[in-house]
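Below is one structure, written out as structure tokens; the observations come after it.
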Amino acid sequence: MNLFAEIRSLVNDSLQQMQAQGDLPDGLSFDAVTVEPPRDAAHGDMATNAAMVLAKPSRCKPRDIAQRLATLLSADPRLASVEVAGPGFLNLRLASTLWADVLRAILADPSGYGRATVGAGIKVHVEYVSANPTGPLHVGHTRGAVFGDALASMLDFAGYDVTREYYINDGGAQVDVLARSVYLRYLEAHGQEVAFEDGTYPGDYLIAVGQALKEKVGDSYLGKGEQFWLEDVREFSTLAMMELIREDLLALGVKMDVFYSEKSLYGTGLIEAAIEDLKSKGLIYQGVLEPPKGKKPEDWEPREQTLFRSTDHGDDVDRPVQKSDGSWTYFAPDIAYHYDKVQRGFDQLIDVFGADHGGYVKRMKAAVSALSNDKTSLDIKLTQLVKLFKNGAPFKMSKRAGTFVTLRDLVDQVGADATRFVMLTRKNDAPLDFDFDKVMEQTKENPVFYVQYAHARICSVMRKAQLAGVAVEDAVLQAADLAGLTDAAELTLAAKLAEFPRLIEIAARSNEPHRIAFYLYDLASEFHALWNKGNEHPELRFLQEGNLATSQAKIALIRATAVVISNGLGILGVQPAQEMR
RNA sequence: GGUCCCGUAGCUCAGCUGGAUAGAGUACUCGCCUCCGAAGCGAGGGGUCACAGGUUCAAAUCCUGUCGGGACCA
């Protein structure tokens, strides 16, 4: 049940009726008409801007339209009052029975409440993490992983057909470096002294891989040249790293549908096919790029190479796909990968990248636009840096000094739930401060705690109610007489619950899961307020001794609140707490 | 030099793809436990929404430019 959608369509119907009666001209678009909660609660439960939006195209005075619309709307039993206000707003007050309907709808189908249909029939592909398979995931990857995962879950909740995918960059020079590094560890496992020069990965996590390699191949690679072992060690090491990464993701609660290998693009003709597709559209040519503006780099010289005319699709300069020696640039496999996504029939693509990939956005969008003839949309979400703090002081990461914070460090220290929630309390494109101590704090300053505390309190009341002999099953609560819920704080809470489906739609449309985290904080706040109001007004306490019916009505309200918190947290991948410890 | 992101209360940040008197947290002042978890709640002060133009019934929100901060490319 989506109250806002219902009233929105009621407004729409009424507007059409006005057209039929000749009060409004034909051919008007109602797209700009909104029904939303007013900022000021004194203005009622909902407000619509219909009259103001339609005034100009219909050449009527806004207040006249508002007046006629108000007359039509007020005939509907769902609306208790309709008032024209200000320049032509219509302020709507809902019949009090509607709030009870919302609660009953929540209790009738708890796990389904808030699910939307905005994404029905739309196939969306979300690519995230996609870290190089050269080591464990670190803090930066964690943010991308959490964001992408929550985004995918949210889209799923909003009705989209979602595919979650990890692109394994196992085709570039970095996996050769990995192989050489593992080879050093292999020599070490054979008792040799080794030195890790620049351009190798000295991390301890490769010790076990070198050991495992020794167990697999014995001494057969000792004293041999690179041409003899590189390919096999590369394969072996990449697999080991992906195993490590999968475990990291699992610890964070991130699941992928597909792991897609870059290497699998080579030798299958896919890259050639993608470039051929662009060529057939006249977007591939031989040419020489202009030197970069500003300071000329020392080693720049004009070279003829194969270029993609990305400027035809919004890019700033054309991009090379093949170097003068015939080898592919790093961009070519990326094109091929997205070509493959388009071929797989997705309607929408979303790439979640770190902010350091900001430079690729325009060319990737150009590629997808060209490859799909603008039929497939590509949204690229960049996640900004995570700044770590300990005891309020910035905490510098350094691979060299070994103060390198991994995903595991985070999860081990603060838990997957807190890590995930905190990472979602900022917009993806804003930098994030992650304070180890604050995340663990049990105060309202810590949003994870605050939301969990609300849920735990509700569970606590439910436990107490059961001990007192009050039936609290959803089926029983649904049948309760909810007419007694009349206090302002109770109705505010119910109104907040009614907003949830609308919030999901808004958040899903803009690919912004952080909105859910903020909503949950607000919801928790309304709940805590109501709880405390019970201190001064005993009649607002949830358990009313000796009054079974009233208790059940109030418990229906907070049980519905717990359901929404639980659904919201579920999208973010966070377990709701039954009790605080 | 170019591209992208950001600039909102002392501090950290929301702000519904354009709506009414711009909101939370924190900090400061004051009040609330004989009571379902006070790990909480309520009240108060605090703003030129970086700046200047533009678009319109309406701009923190959209467009242009300037300044400041960050990320990246060369």
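The chains in the structure tokens are called A, B, ... from first to last as shown; in each chain the residues are counted from 1, and the ligands are counted from 1 in the order shown.
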Give me, as number ranges by chain, the contact residues of chain A against chain B at a cut-off of 8 Å, counting only C-alpha atoms (C1' of nucleotides). A: 36, 49, 52, 86-87, 292-295, 297, 355-359, 384, 429-430, 442-445, 453, 457, 460-461, 464, 506, 518, 528-529, 532-533, 535, 538, 541-543
Go ahead and save the residues from that selection, with C-alpha atoms, as an mmCIF file, in the first residue's frame.
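Generated output (result.cif):
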data_model
loop_
_atom_site.group_PDB
_atom_site.id
_atom_site.type_symbol
_atom_site.label_atom_id
_atom_site.label_comp_id
_atom_site.auth_asym_id
_atom_site.auth_seq_id
_atom_site.Cartn_x
_atom_site.Cartn_y
_atom_site.Cartn_z
ATOM 1 C CA GLU A 36 4.242 15.108 -1.246
ATOM 2 C CA ASN A 49 1.128 21.697 -6.523
ATOM 3 C CA MET A 52 0.286 26.060 -9.854
ATOM 4 C CA GLY A 86 -0.805 30.249 -0.362
ATOM 5 C CA PRO A 87 -0.352 30.818 -4.084
ATOM 6 C CA PRO A 292 47.231 17.644 -24.360
ATOM 7 C CA LYS A 293 46.524 21.285 -23.619
ATOM 8 C CA GLY A 294 48.664 23.249 -21.235
ATOM 9 C CA LYS A 295 52.105 21.987 -20.361
ATOM 10 C CA PRO A 297 54.696 16.401 -21.447
ATOM 11 C CA ALA A 355 36.566 8.418 -7.522
ATOM 12 C CA ASP A 356 39.977 7.850 -9.096
ATOM 13 C CA HIS A 357 38.167 6.523 -12.157
ATOM 14 C CA GLY A 358 36.345 9.805 -12.707
ATOM 15 C CA GLY A 359 38.298 10.330 -15.900
ATOM 16 C CA GLN A 384 34.569 9.181 -2.844
ATOM 17 C CA ASP A 429 29.973 11.336 -4.108
ATOM 18 C CA ALA A 430 30.807 12.951 -0.776
ATOM 19 C CA GLN A 442 26.335 3.508 21.953
ATOM 20 C CA THR A 443 24.879 6.989 21.695
ATOM 21 C CA LYS A 444 22.467 8.663 19.359
ATOM 22 C CA GLU A 445 25.411 10.276 17.632
ATOM 23 C CA TYR A 453 18.136 0.684 19.623
ATOM 24 C CA ARG A 457 13.182 -1.436 22.272
ATOM 25 C CA SER A 460 11.615 -5.653 24.266
ATOM 26 C CA VAL A 461 8.055 -4.355 24.527
ATOM 27 C CA LYS A 464 7.017 -7.979 27.837
ATOM 28 C CA ILE A 506 12.634 8.160 -4.931
ATOM 29 C CA PHE A 518 18.626 8.799 6.701
ATOM 30 C CA HIS A 528 11.963 7.293 20.492
ATOM 31 C CA ALA A 529 9.910 10.472 20.858
ATOM 32 C CA ASN A 532 9.379 9.018 25.916
ATOM 33 C CA LYS A 533 6.053 10.732 25.690
ATOM 34 C CA ASN A 535 6.815 9.034 30.583
ATOM 35 C CA PRO A 538 0.885 7.073 30.843
ATOM 36 C CA ARG A 541 2.563 3.687 26.897
ATOM 37 C CA PHE A 542 2.396 0.692 24.673
ATOM 38 C CA LEU A 543 1.390 -1.737 27.374
#
Can you tell me, as a list in words, what residues are no more than 10 Å from Arg78 (chain A) when counting only C-alpha atoms (C1' of nucleotides), ignoring any on the same chain fewer than 4 positions away? Glu6, Ile7, Leu10, Leu73, Ser74, Leu92, Arg93, Leu94, Ala95, Ser96, Thr97 and Leu98 of chain A
Just the selected residues (C-alpha atoms), exported as a CSV table (one decimal), in the first residue's frame, please.
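Heads up, here's the output in result-v9.csv:
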chain,number,residue,atom,x,y,z
A,6,GLU,CA,-3.0,6.4,-4.2
A,7,ILE,CA,-3.7,10.1,-3.5
A,10,LEU,CA,-6.8,10.4,-7.1
A,73,LEU,CA,-11.3,16.0,-4.1
A,74,SER,CA,-13.2,16.7,-1.0
A,92,LEU,CA,-4.8,17.6,2.1
A,93,ARG,CA,-5.7,16.1,5.4
A,94,LEU,CA,-6.3,12.3,5.4
A,95,ALA,CA,-9.2,10.6,7.0
A,96,SER,CA,-7.8,9.1,10.2
A,97,THR,CA,-8.9,5.6,9.2
A,98,LEU,CA,-6.2,5.6,6.5
When DSSP is applied to the backbone of this structure, which of region 25-114 of chain A are assigned alpha helix (DSSP H)? Write them out as a ChimeraX atom specification. /A:50-58,62-73,97-108
Selection to disk with N, CA and C atoms, as a short mmCIF file (atom, residue, chain, number, x, y, z; two decimals), in the first residue's frame:
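Output file part.cif follows:
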data_model
loop_
_atom_site.label_atom_id
_atom_site.label_comp_id
_atom_site.auth_asym_id
_atom_site.auth_seq_id
_atom_site.Cartn_x
_atom_site.Cartn_y
_atom_site.Cartn_z
N ALA A 50 -0.61 20.90 -8.02
CA ALA A 50 -1.29 20.76 -9.32
C ALA A 50 -1.73 22.09 -9.91
N ALA A 51 -2.38 22.89 -9.10
CA ALA A 51 -2.96 24.13 -9.61
C ALA A 51 -1.88 25.06 -10.15
N MET A 52 -0.77 25.13 -9.45
CA MET A 52 0.29 26.06 -9.85
C MET A 52 1.01 25.59 -11.10
N VAL A 53 1.20 24.28 -11.19
CA VAL A 53 1.90 23.74 -12.35
C VAL A 53 1.05 23.88 -13.61
N LEU A 54 -0.26 23.75 -13.44
CA LEU A 54 -1.14 23.73 -14.61
C LEU A 54 -1.66 25.10 -14.98
N ALA A 55 -1.43 26.07 -14.12
CA ALA A 55 -2.01 27.40 -14.35
C ALA A 55 -1.58 27.97 -15.70
N LYS A 56 -0.28 27.94 -15.95
CA LYS A 56 0.21 28.57 -17.16
C LYS A 56 -0.24 27.86 -18.43
N PRO A 57 0.03 26.54 -18.55
CA PRO A 57 -0.38 25.88 -19.79
C PRO A 57 -1.88 25.92 -20.05
N SER A 58 -2.67 26.03 -19.00
CA SER A 58 -4.12 26.04 -19.22
C SER A 58 -4.68 27.46 -19.22
N PRO A 62 -4.27 30.10 -10.91
CA PRO A 62 -4.00 28.94 -10.07
C PRO A 62 -5.05 28.73 -8.99
N ARG A 63 -5.49 29.80 -8.38
CA ARG A 63 -6.45 29.61 -7.28
C ARG A 63 -7.79 29.13 -7.80
N ASP A 64 -8.13 29.48 -9.02
CA ASP A 64 -9.38 28.98 -9.60
C ASP A 64 -9.32 27.47 -9.81
N ILE A 65 -8.18 27.02 -10.40
CA ILE A 65 -8.02 25.59 -10.60
C ILE A 65 -8.05 24.89 -9.25
N ALA A 66 -7.33 25.44 -8.31
CA ALA A 66 -7.25 24.85 -6.98
C ALA A 66 -8.63 24.71 -6.36
N GLN A 67 -9.42 25.74 -6.53
CA GLN A 67 -10.76 25.73 -5.94
C GLN A 67 -11.61 24.61 -6.51
N ARG A 68 -11.58 24.47 -7.83
CA ARG A 68 -12.40 23.44 -8.45
C ARG A 68 -11.89 22.04 -8.13
N LEU A 69 -10.58 21.93 -8.14
CA LEU A 69 -9.98 20.64 -7.81
C LEU A 69 -10.32 20.26 -6.37
N ALA A 70 -10.30 21.24 -5.50
CA ALA A 70 -10.61 20.99 -4.09
C ALA A 70 -12.02 20.45 -3.94
N THR A 71 -12.94 21.03 -4.69
CA THR A 71 -14.33 20.58 -4.61
C THR A 71 -14.45 19.12 -5.00
N LEU A 72 -13.76 18.75 -6.09
CA LEU A 72 -13.82 17.36 -6.54
C LEU A 72 -13.18 16.43 -5.51
N LEU A 73 -12.01 16.83 -5.05
CA LEU A 73 -11.27 15.96 -4.14
C LEU A 73 -12.01 15.73 -2.83
N THR A 97 -8.88 7.02 9.38
CA THR A 97 -8.92 5.58 9.16
C THR A 97 -7.81 5.11 8.22
N LEU A 98 -7.28 6.03 7.43
CA LEU A 98 -6.25 5.63 6.47
C LEU A 98 -4.97 5.17 7.16
N TRP A 99 -4.66 5.82 8.29
CA TRP A 99 -3.44 5.42 9.00
C TRP A 99 -3.58 3.98 9.49
N ALA A 100 -4.75 3.67 9.96
CA ALA A 100 -4.99 2.29 10.40
C ALA A 100 -4.86 1.33 9.23
N ASP A 101 -5.31 1.77 8.05
CA ASP A 101 -5.19 0.92 6.86
C ASP A 101 -3.72 0.63 6.54
N VAL A 102 -2.91 1.68 6.70
CA VAL A 102 -1.48 1.50 6.43
C VAL A 102 -0.89 0.45 7.37
N LEU A 103 -1.22 0.59 8.66
CA LEU A 103 -0.69 -0.37 9.63
C LEU A 103 -1.14 -1.78 9.30
N ARG A 104 -2.40 -1.93 8.94
CA ARG A 104 -2.90 -3.26 8.61
C ARG A 104 -2.20 -3.82 7.38
N ALA A 105 -1.95 -2.94 6.41
CA ALA A 105 -1.25 -3.40 5.19
C ALA A 105 0.15 -3.89 5.54
N ILE A 106 0.81 -3.18 6.45
CA ILE A 106 2.17 -3.59 6.84
C ILE A 106 2.13 -4.96 7.51
N LEU A 107 1.17 -5.12 8.42
CA LEU A 107 1.11 -6.36 9.19
C LEU A 107 0.63 -7.53 8.34
N ALA A 108 -0.15 -7.23 7.30
CA ALA A 108 -0.67 -8.30 6.45
C ALA A 108 0.44 -8.91 5.61
#
Neighbouring residues of Glu526 (chain A) were defined as those with any atom within 10 Å, considering only C-alpha atoms (C1' of nucleotides); residues of the same chain fewer than 3 positions away were excluded. Please report them as an MDAnalysis selection string. chainID A and resid 454 489:490 492:494 496 520:523 529:531 561
Go ahead and save the residues from that selection, with N, CA and C atoms, as an mmCIF file, in the first residue's frame.
data_model
loop_
_atom_site.group_PDB
_atom_site.id
_atom_site.type_symbol
_atom_site.label_atom_id
_atom_site.label_comp_id
_atom_site.auth_asym_id
_atom_site.auth_seq_id
_atom_site.Cartn_x
_atom_site.Cartn_y
_atom_site.Cartn_z
ATOM 1 N N ALA A 454 16.119 1.485 18.547
ATOM 2 C CA ALA A 454 14.673 1.587 18.360
ATOM 3 C C ALA A 454 14.075 0.200 18.122
ATOM 4 N N ALA A 489 1.664 12.207 18.322
ATOM 5 C CA ALA A 489 2.917 11.468 18.182
ATOM 6 C C ALA A 489 2.687 10.108 17.528
ATOM 7 N N GLU A 490 1.562 9.498 17.840
ATOM 8 C CA GLU A 490 1.237 8.211 17.226
ATOM 9 C C GLU A 490 0.969 8.374 15.729
ATOM 10 N N THR A 492 2.003 10.823 13.820
ATOM 11 C CA THR A 492 3.236 11.202 13.120
ATOM 12 C C THR A 492 4.041 9.971 12.772
ATOM 13 N N LEU A 493 4.103 9.047 13.705
ATOM 14 C CA LEU A 493 4.844 7.812 13.462
ATOM 15 C C LEU A 493 4.205 7.017 12.325
ATOM 16 N N ALA A 494 2.878 6.907 12.371
ATOM 17 C CA ALA A 494 2.174 6.175 11.314
ATOM 18 C C ALA A 494 2.397 6.847 9.963
ATOM 19 N N LYS A 496 4.950 8.533 9.079
ATOM 20 C CA LYS A 496 6.322 8.234 8.653
ATOM 21 C C LYS A 496 6.376 6.851 8.008
ATOM 22 N N LEU A 520 15.675 5.924 7.980
ATOM 23 C CA LEU A 520 15.607 5.057 9.150
ATOM 24 C C LEU A 520 15.965 5.829 10.419
ATOM 25 N N TYR A 521 16.923 6.722 10.291
ATOM 26 C CA TYR A 521 17.284 7.541 11.449
ATOM 27 C C TYR A 521 16.091 8.396 11.880
ATOM 28 N N ASP A 522 15.443 9.015 10.918
ATOM 29 C CA ASP A 522 14.254 9.837 11.207
ATOM 30 C C ASP A 522 13.149 9.005 11.843
ATOM 31 N N LEU A 523 12.936 7.833 11.253
ATOM 32 C CA LEU A 523 11.889 6.957 11.759
ATOM 33 C C LEU A 523 12.179 6.563 13.205
ATOM 34 N N ALA A 529 10.702 9.355 20.328
ATOM 35 C CA ALA A 529 9.910 10.472 20.858
ATOM 36 C C ALA A 529 8.613 9.960 21.467
ATOM 37 N N LEU A 530 7.959 9.072 20.721
ATOM 38 C CA LEU A 530 6.699 8.521 21.209
ATOM 39 C C LEU A 530 6.925 7.722 22.495
ATOM 40 N N TRP A 531 7.964 6.955 22.502
ATOM 41 C CA TRP A 531 8.317 6.168 23.685
ATOM 42 C C TRP A 531 8.400 7.072 24.909
ATOM 43 N N THR A 561 6.286 -0.468 12.945
ATOM 44 C CA THR A 561 7.533 0.306 12.905
ATOM 45 C C THR A 561 8.739 -0.625 12.813
#
Give me, as a PyMOL selection string, all polymer residues having an atom no more than 8 Å from region 205-216 of chain A, counting only C-alpha atoms (C1' of nucleotides) and skipping those fewer than 2 positions away in the same chain. chain A and resi 135-136+181-190+202-203+218-219+233+236-237+240
Would you pick out the contacts of G18 (chain B) at 10 Å or less, using only C-alpha atoms (C1' of nucleotides), so that residues sharing its chain but fewer than 2 positions from it are not included, and give the list as a PDB file with N, CA, C and O atoms (P, O5', C5', C4', C3', O3' and C1' of nucleotides), in the first residue's frame?
ATOM      1  P     U B  56      11.399  33.153 -17.779  1.00  0.00           P
ATOM      2  O5'   U B  56      11.098  32.133 -16.606  1.00  0.00           O
ATOM      3  C5'   U B  56      10.450  30.888 -16.825  1.00  0.00           C
ATOM      4  C4'   U B  56       9.439  30.628 -15.734  1.00  0.00           C
ATOM      5  C3'   U B  56       8.431  31.780 -15.571  1.00  0.00           C
ATOM      6  O3'   U B  56       7.173  31.322 -15.118  1.00  0.00           O
ATOM      7  C1'   U B  56       9.718  31.572 -13.602  1.00  0.00           C
ATOM      8  P     A B  58       8.431  34.281 -10.198  1.00  0.00           P
ATOM      9  O5'   A B  58       8.641  33.117  -9.130  1.00  0.00           O
ATOM     10  C5'   A B  58       8.415  33.389  -7.750  1.00  0.00           C
ATOM     11  C4'   A B  58       8.532  32.133  -6.934  1.00  0.00           C
ATOM     12  C3'   A B  58       9.878  31.421  -7.028  1.00  0.00           C
ATOM     13  O3'   A B  58      10.827  32.000  -6.158  1.00  0.00           O
ATOM     14  C1'   A B  58       8.117  29.851  -7.243  1.00  0.00           C
ATOM     15  P     A B  59      12.374  32.116  -6.559  1.00  0.00           P
ATOM     16  O5'   A B  59      13.097  31.178  -5.515  1.00  0.00           O
ATOM     17  C5'   A B  59      12.811  29.811  -5.376  1.00  0.00           C
ATOM     18  C4'   A B  59      14.079  29.047  -5.102  1.00  0.00           C
ATOM     19  C3'   A B  59      15.322  29.898  -4.936  1.00  0.00           C
ATOM     20  O3'   A B  59      16.243  29.223  -4.100  1.00  0.00           O
ATOM     21  C1'   A B  59      15.554  28.573  -6.859  1.00  0.00           C
ATOM     22  P     U B  61      20.052  27.322  -6.188  1.00  0.00           P
ATOM     23  O5'   U B  61      19.677  25.773  -6.339  1.00  0.00           O
ATOM     24  C5'   U B  61      20.694  24.785  -6.308  1.00  0.00           C
ATOM     25  C4'   U B  61      20.073  23.414  -6.384  1.00  0.00           C
ATOM     26  C3'   U B  61      19.383  23.107  -7.712  1.00  0.00           C
ATOM     27  O3'   U B  61      19.686  21.777  -8.105  1.00  0.00           O
ATOM     28  C1'   U B  61      17.846  22.869  -5.918  1.00  0.00           C
ATOM     29  P     C B  62      20.818  21.571  -9.219  1.00  0.00           P
ATOM     30  O5'   C B  62      20.138  22.193 -10.520  1.00  0.00           O
ATOM     31  C5'   C B  62      19.419  21.369 -11.424  1.00  0.00           C
ATOM     32  C4'   C B  62      19.032  22.148 -12.652  1.00  0.00           C
ATOM     33  C3'   C B  62      20.129  23.044 -13.220  1.00  0.00           C
ATOM     34  O3'   C B  62      21.004  22.313 -14.065  1.00  0.00           O
ATOM     35  C1'   C B  62      18.128  24.274 -13.058  1.00  0.00           C
TER      36        C B  62
END
I'd like the contact shell of G68 (chain B) - 12 Å cut-off, only C-alpha atoms (C1' of nucleotides), skipping same-chain residues fewer than 5 positions apart - returned as a list in words.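 The residues that qualify are C6, G7, A50 and C51 of chain B.
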